$ cat work39.pdb   # PDB, C-alpha atoms
ATOM      1  CA  MET A 111       0.000   0.000   0.000
ATOM      2  CA  LEU A 112       1.284   3.449  -0.899
ATOM      3  CA  ILE A 113       0.377   6.500   1.193
ATOM      4  CA  LYS A 114       0.874   9.987  -0.241
ATOM      5  CA  GLN A 115       0.132  13.347   1.348
ATOM      6  CA  LEU A 116      -0.626  16.333  -0.868
ATOM      7  CA  HIS A 117       1.144  18.766   1.495
ATOM      8  CA  GLU A 118       4.323  16.660   1.288
ATOM      9  CA  ILE A 119       4.132  16.288  -2.507
ATOM     10  CA  ARG A 120       3.865  20.088  -2.739
ATOM     11  CA  ARG A 121       7.285  20.405  -1.104
ATOM     12  CA  SER A 122       8.893  17.722  -3.279
ATOM     13  CA  ASP A 123      10.223  17.374  -6.809
ATOM     14  CA  ARG A 124       6.843  15.881  -7.737
ATOM     15  CA  ASN A 125       5.437  19.403  -7.649
ATOM     16  CA  VAL A 126       5.743  21.145 -11.006
ATOM     17  CA  ARG A 127       4.972  24.744 -11.846
ATOM     18  CA  ASP A 128       4.673  26.274 -15.282
ATOM     19  CA  LYS A 129       2.927  29.284 -16.797
ATOM     20  CA  GLY A 130       0.001  29.900 -14.452
ATOM     21  CA  TRP A 131      -0.445  26.318 -13.302
ATOM     22  CA  GLU A 132       0.932  24.009 -10.669
ATOM     23  CA  SER A 133       0.641  20.226 -10.664
ATOM     24  CA  SER A 134       1.238  17.973  -7.661
ATOM     25  CA  ARG A 135       1.845  14.436  -8.854
ATOM     26  CA  LEU A 136       0.686  12.086  -6.117
ATOM     27  CA  LEU A 137       1.099   9.050  -8.382
ATOM     28  CA  LEU A 138       3.566   8.727 -11.252
ATOM     29  CA  ALA A 139       4.527   5.876 -13.577
ATOM     30  CA  GLU A 140       7.106   4.603 -11.108
ATOM     31  CA  ASP A 141       4.344   3.913  -8.577
ATOM     32  CA  GLY A 142       3.146   1.057 -10.766
ATOM     33  CA  MET A 143      -0.584   1.826 -10.795
ATOM     34  CA  GLY A 144      -0.849   2.093 -14.597
ATOM     35  CA  PHE A 145      -2.103   5.686 -14.347
ATOM     36  CA  SER A 146      -0.852   8.895 -12.783
ATOM     37  CA  PHE A 147      -2.895  11.088 -10.430
ATOM     38  CA  HIS A 148      -2.269  14.810 -10.060
ATOM     39  CA  ILE A 149      -3.884  17.681  -8.208
ATOM     40  CA  THR A 150      -3.538  20.621 -10.572
ATOM     41  CA  THR A 151      -4.253  24.259  -9.725
ATOM     42  CA  LEU A 152      -4.782  26.835 -12.480
ATOM     43  CA  GLU A 153      -4.607  30.561 -11.861
ATOM     44  CA  ALA A 154      -7.665  32.780 -12.390
ATOM     45  CA  GLY A 155      -7.721  34.398 -15.805
ATOM     46  CA  GLY A 156      -5.372  31.892 -17.395
ATOM     47  CA  GLU A 157      -5.802  30.269 -20.807
ATOM     48  CA  TRP A 158      -3.879  27.239 -22.040
ATOM     49  CA  THR A 159      -3.982  25.109 -25.171
ATOM     50  CA  PHE A 160      -2.947  21.504 -24.672
ATOM     51  CA  HIS A 161      -2.800  18.509 -26.969
ATOM     52  CA  TYR A 162      -1.822  15.266 -25.288
ATOM     53  CA  GLN A 163      -1.071  13.180 -28.335
ATOM     54  CA  HIS A 164       0.415  10.359 -26.307
ATOM     55  CA  HIS A 165      -1.898  10.271 -23.288
ATOM     56  CA  LEU A 166      -5.577  10.052 -22.397
ATOM     57  CA  GLU A 167      -6.498  12.454 -19.610
ATOM     58  CA  ALA A 168      -9.535  12.940 -17.378
ATOM     59  CA  VAL A 169      -9.974  16.129 -15.348
ATOM     60  CA  PHE A 170     -12.451  16.477 -12.465
ATOM     61  CA  VAL A 171     -13.130  19.985 -11.156
ATOM     62  CA  LEU A 172     -12.857  20.218  -7.369
ATOM     63  CA  SER A 173     -13.331  23.977  -7.078
ATOM     64  CA  GLY A 174     -13.583  27.059  -9.248
ATOM     65  CA  GLU A 175     -15.103  27.836 -12.626
ATOM     66  CA  GLY A 176     -13.917  28.025 -16.192
ATOM     67  CA  SER A 177     -14.393  26.353 -19.538
ATOM     68  CA  VAL A 178     -12.865  23.835 -21.886
ATOM     69  CA  GLU A 179     -13.081  24.252 -25.652
ATOM     70  CA  ASP A 180     -12.791  21.310 -28.022
ATOM     71  CA  LEU A 181     -10.715  22.788 -30.831
ATOM     72  CA  ALA A 182     -11.857  20.133 -33.338
ATOM     73  CA  THR A 183     -15.553  21.072 -32.985
ATOM     74  CA  GLY A 184     -15.451  24.554 -31.449
ATOM     75  CA  GLU A 185     -17.740  23.353 -28.655
ATOM     76  CA  ARG A 186     -17.181  25.085 -25.351
ATOM     77  CA  HIS A 187     -18.187  23.410 -22.090
ATOM     78  CA  GLU A 188     -18.582  25.215 -18.786
ATOM     79  CA  LEU A 189     -16.528  23.867 -15.893
ATOM     80  CA  ARG A 190     -17.679  23.995 -12.297
ATOM     81  CA  PRO A 191     -17.264  21.753  -9.235
ATOM     82  CA  GLY A 192     -18.479  18.275 -10.168
ATOM     83  CA  THR A 193     -17.729  18.567 -13.895
ATOM     84  CA  LEU A 194     -15.391  15.994 -15.447
ATOM     85  CA  TYR A 195     -13.978  16.178 -18.952
ATOM     86  CA  ALA A 196     -12.179  13.265 -20.557
ATOM     87  CA  LEU A 197      -9.881  13.603 -23.557
ATOM     88  CA  ASP A 198     -10.757  10.207 -24.981
ATOM     89  CA  GLN A 199      -9.715  11.221 -28.510
ATOM     90  CA  HIS A 200      -6.470  12.977 -27.485
ATOM     91  CA  ASP A 201      -8.571  16.090 -28.075
ATOM     92  CA  ARG A 202      -6.705  19.328 -28.676
ATOM     93  CA  HIS A 203      -8.359  21.823 -26.349
ATOM     94  CA  THR A 204      -8.206  25.234 -24.738
ATOM     95  CA  LEU A 205      -8.726  25.459 -21.005
ATOM     96  CA  ARG A 206      -9.795  28.754 -19.469
ATOM     97  CA  ALA A 207      -9.865  29.508 -15.746
ATOM     98  CA  GLY A 208     -12.481  32.147 -14.900
ATOM     99  CA  THR A 209     -11.540  31.801 -11.245
ATOM    100  CA  LYS A 210      -8.760  29.789  -9.675
ATOM    101  CA  LEU A 211      -9.464  26.178 -10.678
ATOM    102  CA  VAL A 212      -8.464  23.153  -8.626
ATOM    103  CA  THR A 213      -8.689  19.832 -10.431
ATOM    104  CA  ALA A 214      -7.914  16.141  -9.999
ATOM    105  CA  CYS A 215      -6.299  14.741 -13.165
ATOM    106  CA  VAL A 216      -5.677  11.150 -14.235
ATOM    107  CA  PHE A 217      -3.343  10.253 -17.123
ATOM    108  CA  ASN A 218      -3.113   6.962 -19.025
ATOM    109  CA  PRO A 219      -0.391   5.995 -19.699
ATOM    110  CA  PRO A 220       0.966   7.455 -16.491
ATOM    111  CA  VAL A 221       3.134  10.543 -16.611
ATOM    112  CA  THR A 222       6.710   9.730 -15.590
ATOM    113  CA  GLY A 223       7.425  13.230 -14.298
ATOM    114  CA  ASP A 224      10.133  13.868 -16.892
ATOM    115  CA  GLU A 225       7.834  15.106 -19.663
ATOM    116  CA  VAL A 226       7.650  18.750 -20.681
ATOM    117  CA  HIS A 227       4.905  20.474 -22.631
ATOM    118  CA  ASP A 228       6.388  20.933 -26.091
ATOM    119  CA  GLU A 229       5.565  23.609 -28.650
ATOM    120  CA  THR A 230       2.385  21.776 -29.762
ATOM    121  CA  GLY A 231       0.930  21.576 -26.238
ATOM    122  CA  ALA A 232       1.714  17.861 -25.974
ATOM    123  CA  TYR A 233       3.622  16.071 -23.322
ATOM    124  CA  ARG A 234       6.433  14.248 -25.052
ATOM    125  CA  PRO A 235       5.911  10.474 -24.881
ATOM    126  CA  ALA A 236       6.692   8.923 -21.566
ATOM    127  CA  VAL A 237       9.863   6.867 -21.660
ATOM    128  CA  LEU A 238       9.167   4.089 -19.228
ATOM    129  CA  PRO A 239      11.935   2.270 -17.407
ATOM    130  CA  ALA A 240      12.907  -0.930 -19.232
TER     131      ALA A 240
ATOM    132  CA  MET B 228     -14.212  14.704 -25.582
ATOM    133  CA  LEU B 229     -16.532  13.357 -22.926
ATOM    134  CA  ILE B 230     -18.289  15.668 -20.453
ATOM    135  CA  LYS B 231     -19.794  14.238 -17.263
ATOM    136  CA  GLN B 232     -21.608  16.040 -14.456
ATOM    137  CA  LEU B 233     -21.599  14.556 -10.983
ATOM    138  CA  HIS B 234     -25.154  15.743 -10.270
ATOM    139  CA  GLU B 235     -26.391  13.940 -13.385
ATOM    140  CA  ILE B 236     -24.449  10.745 -12.616
ATOM    141  CA  ARG B 237     -26.058  10.750  -9.162
ATOM    142  CA  ARG B 238     -29.489  10.451 -10.782
ATOM    143  CA  SER B 239     -28.414   7.712 -13.214
ATOM    144  CA  ASP B 240     -27.732   3.990 -13.138
ATOM    145  CA  ARG B 241     -24.047   4.850 -12.735
ATOM    146  CA  ASN B 242     -24.804   5.694  -9.116
ATOM    147  CA  VAL B 243     -24.451   2.668  -6.857
ATOM    148  CA  ARG B 244     -25.331   2.373  -3.178
ATOM    149  CA  ASP B 245     -24.389  -0.416  -0.834
ATOM    150  CA  LYS B 246     -23.949  -0.803   2.927
ATOM    151  CA  GLY B 247     -23.084   2.709   4.076
ATOM    152  CA  TRP B 248     -21.409   3.869   0.882
ATOM    153  CA  GLU B 249     -22.430   5.432  -2.402
ATOM    154  CA  SER B 250     -20.308   5.527  -5.557
ATOM    155  CA  SER B 251     -20.913   7.771  -8.548
ATOM    156  CA  ARG B 252     -19.081   6.370 -11.554
ATOM    157  CA  LEU B 253     -18.205   9.288 -13.818
ATOM    158  CA  LEU B 254     -16.015   7.075 -16.023
ATOM    159  CA  LEU B 255     -16.480   3.350 -16.592
ATOM    160  CA  ALA B 256     -14.756   0.805 -18.845
ATOM    161  CA  GLU B 257     -17.116   1.629 -21.706
ATOM    162  CA  ASP B 258     -15.768   5.199 -21.794
ATOM    163  CA  GLY B 259     -12.507   3.854 -23.172
ATOM    164  CA  MET B 260     -10.083   5.719 -20.901
ATOM    165  CA  GLY B 261      -8.378   2.592 -19.546
ATOM    166  CA  PHE B 262      -9.360   3.462 -15.973
ATOM    167  CA  SER B 263     -12.580   4.253 -14.150
ATOM    168  CA  PHE B 264     -13.158   7.338 -11.998
ATOM    169  CA  HIS B 265     -15.652   7.413  -9.154
ATOM    170  CA  ILE B 266     -16.681   9.872  -6.464
ATOM    171  CA  THR B 267     -17.418   7.702  -3.443
ATOM    172  CA  THR B 268     -19.064   8.848  -0.217
ATOM    173  CA  LEU B 269     -18.785   6.780   2.950
ATOM    174  CA  GLU B 270     -21.051   7.278   5.945
ATOM    175  CA  ALA B 271     -19.640   8.394   9.310
ATOM    176  CA  GLY B 272     -18.948   5.499  11.624
ATOM    177  CA  GLY B 273     -18.763   2.902   8.866
ATOM    178  CA  GLU B 274     -16.172   0.147   8.564
ATOM    179  CA  TRP B 275     -15.575  -1.941   5.462
ATOM    180  CA  THR B 276     -13.071  -4.631   4.490
ATOM    181  CA  PHE B 277     -12.242  -4.764   0.799
ATOM    182  CA  HIS B 278      -9.867  -6.862  -1.243
ATOM    183  CA  TYR B 279      -9.704  -5.956  -4.915
ATOM    184  CA  GLN B 280      -7.896  -9.009  -6.222
ATOM    185  CA  HIS B 281      -8.481  -8.054  -9.839
ATOM    186  CA  HIS B 282      -7.992  -4.284  -9.733
ATOM    187  CA  LEU B 283      -5.501  -1.670  -8.586
ATOM    188  CA  GLU B 284      -7.215   1.250  -6.854
ATOM    189  CA  ALA B 285      -6.129   4.705  -5.730
ATOM    190  CA  VAL B 286      -8.283   6.738  -3.315
ATOM    191  CA  PHE B 287      -7.829  10.479  -2.724
ATOM    192  CA  VAL B 288      -9.630  12.008   0.254
ATOM    193  CA  LEU B 289     -11.566  15.147  -0.667
ATOM    194  CA  SER B 290     -13.236  15.706   2.709
ATOM    195  CA  GLY B 291     -13.667  14.002   6.047
ATOM    196  CA  GLU B 292     -11.471  11.874   8.262
ATOM    197  CA  GLY B 293     -10.932   8.187   8.865
ATOM    198  CA  SER B 294      -8.308   5.507   8.524
ATOM    199  CA  VAL B 295      -7.182   2.669   6.311
ATOM    200  CA  GLU B 296      -5.614  -0.461   7.760
ATOM    201  CA  ASP B 297      -3.331  -2.706   5.727
ATOM    202  CA  LEU B 298      -4.424  -6.158   6.861
ATOM    203  CA  ALA B 299      -1.150  -7.774   5.715
ATOM    204  CA  THR B 300       0.995  -5.607   8.010
ATOM    205  CA  GLY B 301      -1.486  -4.283  10.575
ATOM    206  CA  GLU B 302      -0.375  -0.723   9.767
ATOM    207  CA  ARG B 303      -3.097   1.875  10.146
ATOM    208  CA  HIS B 304      -2.879   5.167   8.271
ATOM    209  CA  GLU B 305      -4.895   8.255   9.120
ATOM    210  CA  LEU B 306      -7.007   9.694   6.313
ATOM    211  CA  ARG B 307      -7.748  13.380   5.970
ATOM    212  CA  PRO B 308      -8.249  15.776   3.039
ATOM    213  CA  GLY B 309      -5.186  15.526   0.802
ATOM    214  CA  THR B 310      -4.294  11.931   1.715
ATOM    215  CA  LEU B 311      -4.100   9.371  -1.085
ATOM    216  CA  TYR B 312      -3.758   5.634  -0.615
ATOM    217  CA  ALA B 313      -2.959   3.295  -3.469
ATOM    218  CA  LEU B 314      -3.566  -0.440  -3.363
ATOM    219  CA  ASP B 315      -0.580  -1.288  -5.553
ATOM    220  CA  GLN B 316      -0.359  -4.853  -4.173
ATOM    221  CA  HIS B 317      -4.120  -5.576  -4.324
ATOM    222  CA  ASP B 318      -3.869  -4.973  -0.579
ATOM    223  CA  ARG B 319      -6.616  -6.379   1.598
ATOM    224  CA  HIS B 320      -7.634  -3.487   3.815
ATOM    225  CA  THR B 321     -10.152  -2.123   6.279
ATOM    226  CA  LEU B 322     -11.465   1.364   5.706
ATOM    227  CA  ARG B 323     -12.990   3.277   8.617
ATOM    228  CA  ALA B 324     -14.898   6.541   8.309
ATOM    229  CA  GLY B 325     -14.629   8.644  11.468
ATOM    230  CA  THR B 326     -16.724  11.314   9.801
ATOM    231  CA  LYS B 327     -18.481  11.248   6.458
ATOM    232  CA  LEU B 328     -15.706  10.669   3.915
ATOM    233  CA  VAL B 329     -15.822  11.908   0.327
ATOM    234  CA  THR B 330     -13.208  10.402  -1.965
ATOM    235  CA  ALA B 331     -12.117  10.321  -5.603
ATOM    236  CA  CYS B 332     -11.279   6.751  -6.679
ATOM    237  CA  VAL B 333      -9.475   5.441  -9.749
ATOM    238  CA  PHE B 334      -9.541   1.773 -10.761
ATOM    239  CA  ASN B 335      -7.244  -0.037 -13.192
ATOM    240  CA  PRO B 336      -8.511  -2.018 -15.023
ATOM    241  CA  PRO B 337     -11.633   0.112 -15.197
ATOM    242  CA  VAL B 338     -14.762  -1.037 -13.415
ATOM    243  CA  THR B 339     -17.477  -1.971 -15.918
ATOM    244  CA  GLY B 340     -20.336  -1.147 -13.556
ATOM    245  CA  ASP B 341     -21.560  -4.728 -13.468
ATOM    246  CA  GLU B 342     -19.276  -5.952 -10.668
ATOM    247  CA  VAL B 343     -20.516  -6.663  -7.172
ATOM    248  CA  HIS B 344     -18.480  -6.953  -4.003
ATOM    249  CA  ASP B 345     -18.349 -10.673  -3.320
ATOM    250  CA  GLU B 346     -17.992 -12.425   0.017
ATOM    251  CA  THR B 347     -14.206 -11.824   0.093
ATOM    252  CA  GLY B 348     -14.522  -8.050  -0.389
ATOM    253  CA  ALA B 349     -13.345  -8.274  -4.011
ATOM    254  CA  TYR B 350     -15.008  -6.976  -7.072
ATOM    255  CA  ARG B 351     -15.464  -9.926  -9.381
ATOM    256  CA  PRO B 352     -13.271  -9.573 -12.490
ATOM    257  CA  ALA B 353     -14.527  -7.164 -15.062
ATOM    258  CA  VAL B 354     -15.828  -8.898 -18.142
ATOM    259  CA  LEU B 355     -15.005  -6.498 -20.915
ATOM    260  CA  PRO B 356     -16.923  -6.403 -24.174
ATOM    261  CA  ALA B 357     -15.191  -8.533 -26.816
TER     262      ALA B 357
END
$ encode --input "work39.pdb" --output "C-alpha cells"
Amino acid sequence: MLIKQLHEIRRSDRNVRDKGWESSRLLLAEDGMGFSFHITTLEAGGEWTFHYQHHLEAVFVLSGEGSVEDLATGERHELRPGTLYALDQHDRHTLRAGTKLVTACVFNPPVTGDEVHDETGAYRPAVLPA
Amino acid sequence: MLIKQLHEIRRSDRNVRDKGWESSRLLLAEDGMGFSFHITTLEAGGEWTFHYQHHLEAVFVLSGEGSVEDLATGERHELRPGTLYALDQHDRHTLRAGTKLVTACVFNPPVTGDEVHDETGAYRPAVLPA
C-alpha cells in the first residue's frame, strides 16, 4: 500500500509549476498503478492550449469555474465543481480559468514526471523504465 | 471529448449504493479511458473490508477523516483531506470513516459497472466487451 500526502508532494520534486499552473503528482509511472494522479491548480484568468497526443487524460473539477473548448468542434463546455472532462480522442483543447481552478487529473499511460509540454501543447511520450 | 456532471451521474444507473457507501461512476470501462473514476461517499462510523484481487485502486480524500488499515501488516494510516492511498499490491484493507468521507477513486482495469463486491470483499473480475 502506498500513502501519499498532498502537502508533502507540494514540497517535493513531484510538484511542477509552469505558466500559471501548478501540478502535484501524487502518483507517477514509477508507482506502478498504470495511471498517474495529479492535483492541478490553475490561476484565475489563465488560458492554455494543450494537446496530449500520447496520453488520455480525465480532469475532475474540485473547485472554481472556467471552460474547456474542443478545438476540433469549437464546442465550449462550462466547468464547475463536479464537472469531469475526458480527452478520450487525445482532443486538442483550450482550457480557461475564470476563477482559480483546482482539479484532480488522471493520465493513461501514467506521466513519468520527466515530460515537458512541447511547442504543440503535448507532453512528449513517456519513456518508461525498461 | 466526454463531459460528465456529478449531479447527473447521481441520478443515473451509474450511481451505486451499498452498505453505508455510495459511488458515482463518472467514467467506466465503456468510456474507453483505460481506468474508471468514481466519487465515493462513505457514511460516518462505517467500517468496510475490501480486497480488490483483480484491480488496482487509488483513493484520494476530498473531505472528512478516517483511517485505512493494511491487513497484511497491521499498519493503520490516518485519512484526511489531501491523503491518497494506493492499493498497488491488491492490498486487503479495512477502511474506517470517522466522519463522512468523500473520496475520488481510480480503478485499473476500469470497473465496468456490473461488478458486485463478493464475500471476500473483491469486485469480481470485469468482463469487458469482446
$ interface_residues --input "work39.pdb" --of "chain A" --to "chain B" --cutoff "10 Å" --atoms "all atoms listed in the file" --output "VMD selection string"
chain A and resid 111 to 119 136 to 137 141 to 147 149 165 to 172 178 to 180 182 to 183 185 187 to 203 214 216 to 219
$ atom_distance --input "work39.pdb" --atom1 "CA of Thr326 in chain B" --atom2 "CA of Trp248 in chain B"
12.5 Å
$ atom_distance --input "work39.pdb" --atom1 "CA of Gly184 in chain A" --atom2 "CA of Arg206 in chain A"
13.9 Å
$ calpha_fit_and_write --input "work39.pdb" --fixed "chain B" --moving "chain A" --output "compact mmCIF listing (two decimals) with C-alpha atoms, in the frame of the given file"
# COMPACT_ATOMS: atom_id res chain seq x y z
CA MET A 111 -14.23 14.72 -25.59
CA LEU A 112 -16.54 13.35 -22.92
CA ILE A 113 -18.29 15.66 -20.45
CA LYS A 114 -19.80 14.23 -17.27
CA GLN A 115 -21.61 16.03 -14.47
CA LEU A 116 -21.59 14.55 -10.98
CA HIS A 117 -25.16 15.74 -10.26
CA GLU A 118 -26.40 13.92 -13.38
CA ILE A 119 -24.44 10.73 -12.62
CA ARG A 120 -26.05 10.73 -9.16
CA ARG A 121 -29.48 10.43 -10.78
CA SER A 122 -28.41 7.69 -13.21
CA ASP A 123 -27.72 3.97 -13.14
CA ARG A 124 -24.03 4.84 -12.74
CA ASN A 125 -24.79 5.69 -9.12
CA VAL A 126 -24.45 2.66 -6.85
CA ARG A 127 -25.32 2.38 -3.19
CA ASP A 128 -24.40 -0.41 -0.83
CA LYS A 129 -23.95 -0.79 2.92
CA GLY A 130 -23.07 2.71 4.08
CA TRP A 131 -21.42 3.87 0.87
CA GLU A 132 -22.43 5.42 -2.41
CA SER A 133 -20.31 5.51 -5.56
CA SER A 134 -20.91 7.77 -8.56
CA ARG A 135 -19.08 6.37 -11.56
CA LEU A 136 -18.20 9.28 -13.82
CA LEU A 137 -16.01 7.07 -16.02
CA LEU A 138 -16.47 3.34 -16.59
CA ALA A 139 -14.77 0.80 -18.85
CA GLU A 140 -17.12 1.62 -21.71
CA ASP A 141 -15.78 5.18 -21.79
CA GLY A 142 -12.51 3.85 -23.17
CA MET A 143 -10.08 5.71 -20.90
CA GLY A 144 -8.39 2.57 -19.55
CA PHE A 145 -9.36 3.47 -15.98
CA SER A 146 -12.58 4.25 -14.15
CA PHE A 147 -13.16 7.34 -12.01
CA HIS A 148 -15.66 7.41 -9.16
CA ILE A 149 -16.68 9.87 -6.48
CA THR A 150 -17.41 7.70 -3.46
CA THR A 151 -19.06 8.85 -0.23
CA LEU A 152 -18.78 6.78 2.95
CA GLU A 153 -21.05 7.28 5.93
CA ALA A 154 -19.64 8.40 9.30
CA GLY A 155 -18.95 5.51 11.63
CA GLY A 156 -18.77 2.91 8.88
CA GLU A 157 -16.17 0.15 8.57
CA TRP A 158 -15.57 -1.93 5.45
CA THR A 159 -13.08 -4.62 4.48
CA PHE A 160 -12.26 -4.77 0.79
CA HIS A 161 -9.88 -6.87 -1.25
CA TYR A 162 -9.70 -5.97 -4.92
CA GLN A 163 -7.91 -9.01 -6.23
CA HIS A 164 -8.48 -8.05 -9.84
CA HIS A 165 -7.99 -4.28 -9.73
CA LEU A 166 -5.50 -1.66 -8.58
CA GLU A 167 -7.21 1.25 -6.85
CA ALA A 168 -6.13 4.71 -5.73
CA VAL A 169 -8.27 6.74 -3.32
CA PHE A 170 -7.82 10.48 -2.73
CA VAL A 171 -9.63 12.01 0.25
CA LEU A 172 -11.58 15.15 -0.67
CA SER A 173 -13.24 15.70 2.70
CA GLY A 174 -13.67 14.00 6.05
CA GLU A 175 -11.47 11.86 8.27
CA GLY A 176 -10.93 8.19 8.87
CA SER A 177 -8.30 5.51 8.52
CA VAL A 178 -7.17 2.67 6.31
CA GLU A 179 -5.61 -0.47 7.76
CA ASP A 180 -3.33 -2.71 5.72
CA LEU A 181 -4.43 -6.16 6.86
CA ALA A 182 -1.17 -7.79 5.71
CA THR A 183 0.99 -5.61 8.01
CA GLY A 184 -1.50 -4.28 10.57
CA GLU A 185 -0.37 -0.73 9.77
CA ARG A 186 -3.08 1.87 10.15
CA HIS A 187 -2.88 5.17 8.27
CA GLU A 188 -4.90 8.25 9.12
CA LEU A 189 -7.00 9.69 6.31
CA ARG A 190 -7.74 13.38 5.96
CA PRO A 191 -8.24 15.78 3.03
CA GLY A 192 -5.18 15.53 0.79
CA THR A 193 -4.29 11.94 1.71
CA LEU A 194 -4.09 9.38 -1.10
CA TYR A 195 -3.74 5.64 -0.61
CA ALA A 196 -2.94 3.30 -3.47
CA LEU A 197 -3.56 -0.44 -3.37
CA ASP A 198 -0.58 -1.28 -5.55
CA GLN A 199 -0.36 -4.84 -4.18
CA HIS A 200 -4.12 -5.56 -4.32
CA ASP A 201 -3.86 -4.96 -0.58
CA ARG A 202 -6.63 -6.37 1.58
CA HIS A 203 -7.63 -3.49 3.83
CA THR A 204 -10.15 -2.12 6.28
CA LEU A 205 -11.48 1.37 5.71
CA ARG A 206 -12.99 3.29 8.61
CA ALA A 207 -14.91 6.56 8.30
CA GLY A 208 -14.63 8.65 11.48
CA THR A 209 -16.73 11.33 9.81
CA LYS A 210 -18.48 11.25 6.46
CA LEU A 211 -15.70 10.68 3.91
CA VAL A 212 -15.81 11.90 0.32
CA THR A 213 -13.20 10.40 -1.97
CA ALA A 214 -12.11 10.32 -5.61
CA CYS A 215 -11.27 6.75 -6.67
CA VAL A 216 -9.47 5.46 -9.76
CA PHE A 217 -9.54 1.77 -10.76
CA ASN A 218 -7.24 -0.04 -13.20
CA PRO A 219 -8.51 -2.01 -15.02
CA PRO A 220 -11.64 0.10 -15.19
CA VAL A 221 -14.77 -1.04 -13.42
CA THR A 222 -17.48 -1.97 -15.92
CA GLY A 223 -20.33 -1.16 -13.54
CA ASP A 224 -21.57 -4.75 -13.46
CA GLU A 225 -19.28 -5.97 -10.67
CA VAL A 226 -20.54 -6.70 -7.17
CA HIS A 227 -18.51 -6.97 -3.99
CA ASP A 228 -18.37 -10.70 -3.31
CA GLU A 229 -18.00 -12.45 0.03
CA THR A 230 -14.22 -11.84 0.10
CA GLY A 231 -14.53 -8.07 -0.39
CA ALA A 232 -13.37 -8.30 -4.00
CA TYR A 233 -15.04 -6.99 -7.07
CA ARG A 234 -15.49 -9.93 -9.39
CA PRO A 235 -13.28 -9.58 -12.47
CA ALA A 236 -14.50 -7.14 -15.02
CA VAL A 237 -15.81 -8.85 -18.13
CA LEU A 238 -14.93 -6.44 -20.88
CA PRO A 239 -16.88 -6.29 -24.12
CA ALA A 240 -15.22 -8.41 -26.81
$ atom_distance --input "work39.pdb" --atom1 "CA of Cys332 in chain B" --atom2 "CA of Gly293 in chain B"
15.6 Å
$ resolve_selection --input "work39.pdb" --expression "the PyMOL selection byres ((chain A and resi 123) around 12)" --output "PyMOL selection string"
chain A and resi 118-122+124-127+133-136+138+223-224
$ axis_aligned_box --input "work39.pdb" --around "range 119-130 of chain A" --padding-each-side "8 Å" --output "lines of an AutoDock Vina configuration file"
center_x = 5.1
center_y = 22.9
center_z = -9.0
size_x = 26.2
size_y = 30.0
size_z = 31.7
